[in-house]
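Heads up, upload28.txt below (compact mmCIF, C-alpha atoms):
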# COMPACT_ATOMS: atom_id res chain seq x y z
CA MET A 220 12.79 -1.69 21.35
CA PHE A 221 14.81 -1.68 18.13
CA PHE A 222 11.86 -3.17 16.22
CA GLU A 223 9.54 -0.54 17.66
CA SER A 224 11.93 2.27 16.71
CA LEU A 225 12.04 1.04 13.12
CA TRP A 226 8.36 1.89 12.74
CA LEU A 227 9.26 5.54 13.28
CA CYS A 228 11.00 5.55 9.88
CA PRO A 229 7.93 4.91 7.68
CA ALA A 230 5.94 7.12 10.04
CA ALA A 231 8.42 9.96 9.46
CA ALA A 232 8.29 9.37 5.70
CA LEU A 233 4.49 9.50 5.73
CA ALA A 234 4.40 12.67 7.85
CA ALA A 235 6.98 14.46 5.72
CA ALA A 236 5.18 13.54 2.49
CA LEU A 237 1.80 14.63 3.84
CA VAL A 238 3.13 17.97 5.08
CA TRP A 239 5.07 18.81 1.90
CA ALA A 240 2.33 17.73 -0.50
CA GLY A 241 -0.27 19.49 1.62
CA LEU A 242 1.68 22.75 1.55
CA PHE A 243 1.95 22.68 -2.25
CA ARG A 244 -1.34 20.99 -3.10
CA ARG A 245 -2.26 23.79 -5.51
CA LYS A 246 1.00 23.13 -7.39
CA PRO A 247 0.88 19.38 -8.18
CA ALA A 248 4.31 19.18 -9.82
CA LEU A 249 5.96 20.75 -6.78
CA ALA A 250 3.83 18.64 -4.42
CA GLY A 251 5.14 15.54 -6.19
CA LEU A 252 8.53 16.09 -4.55
CA ALA A 253 6.88 14.93 -1.33
CA LEU A 254 7.55 11.34 -2.39
CA PRO A 255 11.35 11.53 -2.73
CA LEU A 256 11.62 13.90 0.23
CA GLY A 257 9.66 11.56 2.49
CA ALA A 258 11.58 8.53 1.26
CA LEU A 259 14.93 10.25 1.80
CA ILE A 260 14.02 11.24 5.35
CA GLY A 261 12.77 7.74 6.13
CA VAL A 262 15.70 5.73 4.74
CA THR A 263 18.28 8.13 6.20
CA LEU A 264 16.60 7.90 9.59
CA MET A 265 16.64 4.11 9.36
CA LEU A 266 20.19 3.59 8.11
CA GLY A 267 21.71 6.67 9.74
CA VAL A 268 23.71 7.97 6.79
CA VAL A 269 23.70 8.68 3.06
CA ASN A 270 26.63 6.52 2.03
CA GLY A 271 29.00 7.81 -0.64
CA SER A 272 30.36 4.34 -1.38
CA PRO A 273 28.31 1.27 -2.38
CA ARG A 274 29.37 -1.14 0.35
CA GLN A 275 26.44 -3.08 1.81
CA LEU A 276 23.55 -3.51 -0.62
CA ALA A 277 20.93 -1.86 1.61
CA GLU A 278 23.26 1.07 2.31
CA ARG A 279 23.05 2.03 -1.37
CA VAL A 280 19.37 2.98 -1.05
CA PRO A 281 19.77 6.41 0.66
CA MET A 282 21.96 7.64 -2.19
CA VAL A 283 19.29 6.52 -4.66
CA ALA A 284 16.72 8.48 -2.63
CA LEU A 285 18.93 11.58 -2.68
CA ALA A 286 19.54 11.23 -6.42
CA ALA A 287 15.79 10.75 -6.94
CA LEU A 288 15.05 14.02 -5.18
CA ILE A 289 17.72 15.88 -7.17
CA LEU A 290 16.66 14.46 -10.54
CA ALA A 291 12.96 15.02 -9.85
CA ALA A 292 13.43 18.66 -8.85
CA PRO A 293 13.58 20.00 -12.45
CA LEU A 294 10.31 18.20 -13.22
CA ALA A 295 8.61 20.30 -10.54
CA PHE A 296 9.26 23.43 -12.60
CA VAL A 297 9.62 22.33 -16.25
CA ALA A 298 6.98 20.28 -18.08
CA LEU A 299 8.89 19.64 -21.32
CA ARG A 300 8.64 15.98 -22.31
CA TRP A 301 12.17 15.74 -23.67
CA ILE A 302 13.56 16.86 -20.32
CA ALA A 303 11.50 14.21 -18.53
CA ALA A 304 12.69 11.58 -21.02
CA ALA A 305 16.34 12.62 -20.61
CA LEU A 306 16.09 12.61 -16.81
CA THR A 307 14.43 9.20 -16.89
CA ALA A 308 17.22 7.75 -19.03
CA LEU A 309 19.86 9.30 -16.77
CA ALA A 310 18.07 8.03 -13.66
CA ALA A 311 17.81 4.50 -15.03
CA LEU A 312 21.49 4.27 -15.92
CA ALA A 313 22.75 5.97 -12.76
CA CYS A 314 20.51 3.90 -10.49
CA GLY A 315 21.50 0.65 -12.19
CA TRP A 316 25.19 1.54 -12.03
CA TRP A 317 24.98 2.42 -8.34
CA MET A 318 22.92 -0.61 -7.28
CA GLY A 319 25.25 -2.76 -9.38
CA GLY A 320 28.14 -1.73 -7.14
CA ALA A 321 29.30 1.44 -8.94
CA PRO A 322 31.83 -0.40 -11.14
CA THR A 323 34.69 1.63 -12.58
CA ASP A 324 36.86 -0.82 -14.50
CA HIS A 325 36.01 -2.85 -17.58
CA ALA A 326 35.67 -6.24 -15.89
CA ASP A 327 33.38 -4.92 -13.15
CA LEU A 328 31.28 -3.05 -15.70
CA LEU A 329 30.74 -6.28 -17.62
CA ARG A 330 29.66 -8.07 -14.44
CA ALA A 331 27.25 -5.25 -13.59
CA ALA A 332 25.90 -4.93 -17.15
CA PRO A 333 22.80 -7.14 -16.56
CA VAL A 334 21.81 -5.00 -13.55
CA ILE A 335 22.33 -1.75 -15.47
CA LEU A 336 20.33 -3.06 -18.44
CA ALA A 337 17.53 -4.26 -16.16
CA PHE A 338 17.25 -0.83 -14.57
CA GLY A 339 17.27 0.69 -18.05
CA LEU A 340 14.04 -1.19 -18.72
CA ILE A 341 12.38 -1.14 -15.29
CA VAL A 342 12.72 2.57 -14.49
CA PRO A 343 11.08 3.91 -17.70
CA LEU A 344 8.31 1.29 -17.61
CA ALA A 345 7.62 1.98 -13.94
CA MET A 346 7.47 5.72 -14.53
CA ILE A 347 4.94 5.33 -17.36
CA GLY A 348 2.84 2.71 -15.55
CA ALA A 349 2.73 4.82 -12.38
CA ALA A 350 0.71 7.48 -14.21
CA ALA A 351 -2.45 5.45 -13.52
CA SER A 352 -4.47 6.80 -10.61
CA TRP A 353 -3.25 5.48 -7.23
CA MET A 354 -0.84 3.09 -8.95
CA PRO A 355 2.24 4.53 -7.17
CA ALA A 356 0.66 3.77 -3.80
CA ALA A 357 -0.60 0.35 -4.90
CA SER A 358 2.68 -0.77 -6.46
CA SER A 359 4.78 0.49 -3.57
CA LEU A 360 2.52 -1.28 -1.04
CA ALA A 361 2.77 -4.55 -2.96
CA LEU A 362 6.50 -4.88 -2.28
CA PRO A 363 6.55 -4.73 1.55
CA ALA A 364 3.42 -6.90 1.66
CA GLY A 365 5.11 -9.54 -0.46
CA LEU A 366 8.38 -9.37 1.46
CA TRP A 367 6.53 -9.71 4.76
CA ALA A 368 4.48 -12.64 3.48
CA ALA A 369 7.61 -14.37 2.20
CA GLY A 370 9.40 -13.80 5.51
CA PHE A 371 12.38 -12.13 3.82
CA ALA A 372 15.03 -11.27 6.42
CA GLY A 373 16.99 -8.04 6.54
CA PRO A 374 16.10 -4.37 6.18
CA TRP A 375 14.28 -4.60 2.85
CA THR A 376 10.76 -4.89 4.25
CA PHE A 377 11.14 -1.69 6.29
CA LEU A 378 12.85 0.11 3.41
CA ALA A 379 9.92 -0.87 1.19
CA LEU A 380 7.49 0.31 3.88
CA ILE A 381 9.22 3.69 3.90
CA LEU A 382 8.73 4.06 0.14
CA ALA A 383 5.10 2.95 0.46
CA ALA A 384 4.50 5.47 3.25
CA ALA A 385 6.01 8.31 1.20
CA ALA A 386 4.02 7.32 -1.90
CA CYS A 387 0.76 7.03 0.04
CA GLY A 388 1.36 10.35 1.78
CA GLN A 389 1.96 12.12 -1.51
CA GLN A 390 -1.10 10.60 -3.16
CA ILE A 391 -3.42 11.16 -0.18
CA ALA A 392 -2.46 14.83 0.00
CA CYS A 393 -2.75 15.24 -3.79
CA GLY A 394 -6.01 13.36 -4.24
CA GLY A 395 -4.48 10.40 -6.04
CA LYS A 396 -2.53 12.45 -8.56
CA ALA A 397 1.08 11.52 -9.27
CA PRO A 398 2.95 14.03 -11.47
CA LYS A 399 6.24 13.15 -13.11
CA SER A 400 8.10 14.73 -10.19
CA ALA A 401 6.67 11.90 -8.04
CA ARG A 402 6.73 9.11 -10.61
CA LEU A 403 10.41 9.37 -11.49
CA PRO A 404 11.56 8.98 -7.85
CA LEU A 405 9.05 6.18 -7.38
CA ALA A 406 10.43 4.35 -10.41
CA MET A 407 14.03 4.75 -9.20
CA LEU A 408 13.34 3.69 -5.62
CA LEU A 409 11.00 0.87 -6.57
CA ALA A 410 13.62 -0.51 -8.96
CA ALA A 411 16.32 -0.23 -6.29
CA LEU A 412 14.20 -1.93 -3.63
CA LEU A 413 12.87 -4.74 -5.78
CA SER A 414 16.42 -5.47 -6.91
CA GLY A 415 17.63 -5.83 -3.32
CA PRO A 416 16.27 -9.32 -2.52
CA ILE A 417 17.20 -10.53 -6.01
CA LEU A 418 20.80 -9.31 -5.76
CA ALA A 419 21.10 -10.45 -2.14
CA ARG A 420 19.82 -14.01 -2.57
CA GLY A 421 18.03 -14.47 -5.87
CA ALA A 422 15.80 -17.40 -4.86
CA PRO A 423 12.66 -18.03 -6.95
CA ALA A 424 10.51 -16.59 -4.15
CA ASP A 425 12.60 -13.41 -4.16
CA TRP A 426 12.00 -12.98 -7.88
CA ALA A 427 8.26 -13.53 -7.48
CA VAL A 428 7.90 -11.12 -4.57
CA SER A 429 10.14 -8.43 -6.03
CA LEU A 430 8.56 -8.40 -9.47
CA ALA A 431 4.97 -8.21 -8.17
CA PRO A 432 4.98 -4.36 -8.05
CA LEU A 433 6.39 -4.23 -11.56
CA ALA A 434 3.63 -6.59 -12.73
CA LEU A 435 1.04 -4.16 -11.31
CA LEU A 436 2.61 -1.26 -13.19
CA LEU A 437 2.81 -3.24 -16.42
CA LEU A 438 -0.85 -4.19 -16.02
CA ALA A 439 -1.74 -0.53 -15.59
CA LEU A 440 0.33 0.29 -18.68
CA ARG A 441 -1.40 -2.46 -20.67
CA LEU A 442 -4.92 -1.49 -19.62
CA ALA A 443 -4.62 2.25 -20.06
CA GLY A 444 -2.27 2.27 -23.02
CA PRO A 445 -1.05 5.56 -24.52
CA ARG A 446 -3.22 7.67 -22.19
CA LEU A 447 -0.78 7.14 -19.33
CA ALA A 448 2.03 8.94 -21.08
CA GLY A 449 -0.05 11.92 -22.06
CA ASP A 450 -0.81 13.58 -18.74
CA GLY A 451 1.87 16.22 -19.20
CA ALA A 452 2.29 16.69 -15.46
File written out as structure tokens:
Amino acid sequence: MFFESLWLCPAAALAAALVWAGLFRRKPALAGLALPLGALIGVTLMLGVVNGSPRQLAERVPMVALAALILAAPLAFVALRWIAAALTALAALACGWWMGGAPTDHADLLRAAPVILAFGLIVPLAMIGAAASWMPAASSLALPAGLWAAGFAGPWTFLALILAAAACGQQIACGGKAPKSARLPLAMLLAALLSGPILARGAPADWAVSLAPLALLLLALRLAGPRLAGDGA
């Protein structure tokens, strides 16, 4: 029964994303908020709370989803590139700090520095690479598929399914378009979710599975080149 109820979480994320993006289909930047909204509803439904303290690793994800929605909101109304760049940098640092355990003293900050630096690279690259058509849906689907194939235990497969459902819902309703208001939350949540298995166990298989979505985004970035950054959405 518990397993069956877990499937309601990605279903809720998909439904919320489809409804929101469908309502604002004529305003793509506003419709892009369907992704973080759907993800937030799904992960909160699954874990039951948006935790204000980074205790268990998986329990840090709802706060990332909430932050993703908040940081993406300005991109639904303002198209200035410098604002998008500033929000991306802020998102990368904040997400890395939070998933690294929200360190406050010097020693803990040093221990979390590799995680923060990794997010500082992954989030901007993921946001740029996700500009390719349908790449948000493809990259987000790659993570739960890999986790399922690898038999990774814990909540990460369902959390990844929730992100995939929200990303697919947004792109289906928007005809494959992913404005910056969708790509920034995708980059934050994808970075948080792919870091989970690595931080939890860090076996070679975890690295391979978790970095597969990033490889897709980097391939999209390599193939399309500068065109990906110039959509202005």
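For the set A:Thr263, A:Ser224, A:Asn270, A:Thr307, the residue with the smallest atom-to-atom gap to A:Leu403 is A:Thr307, counting all atoms listed in the file.
If you measure from each of A:Leu438, A:Met282, A:Cys228, A:Ala431 to A:Ile260 using all atoms listed in the file, the closest one turns out to be A:Cys228.
Between atom CA of A:Ala361 and atom CA of A:Pro432 lies a distance of 5.6 Å.
Nearest residue to A:Ala236, choosing from A:Ala304, A:Val342, A:Ala287, A:Ala392 and counting only C-alpha atoms: A:Ala392.
Shortest atom-to-atom contact with A:Ala250 among A:Leu294, A:Ser352, A:Pro416, A:Ala369: A:Leu294, counting all atoms listed in the file.
With atom CA of A:Cys314 on one side and atom CA of A:Leu285 on the other, the separation reads 11.1 Å.
Residue nearest A:Ala427 within the list A:Leu382, A:Leu329, A:Ala368, A:Ile391: A:Ala368 [criterion: smallest interatomic distance, all atoms listed in the file].
You can rank A:Leu442, A:Leu259, A:Leu435, A:Leu378 by their closest distance to A:Ala345 using only C-alpha atoms, and at the top of that list sits A:Leu435.
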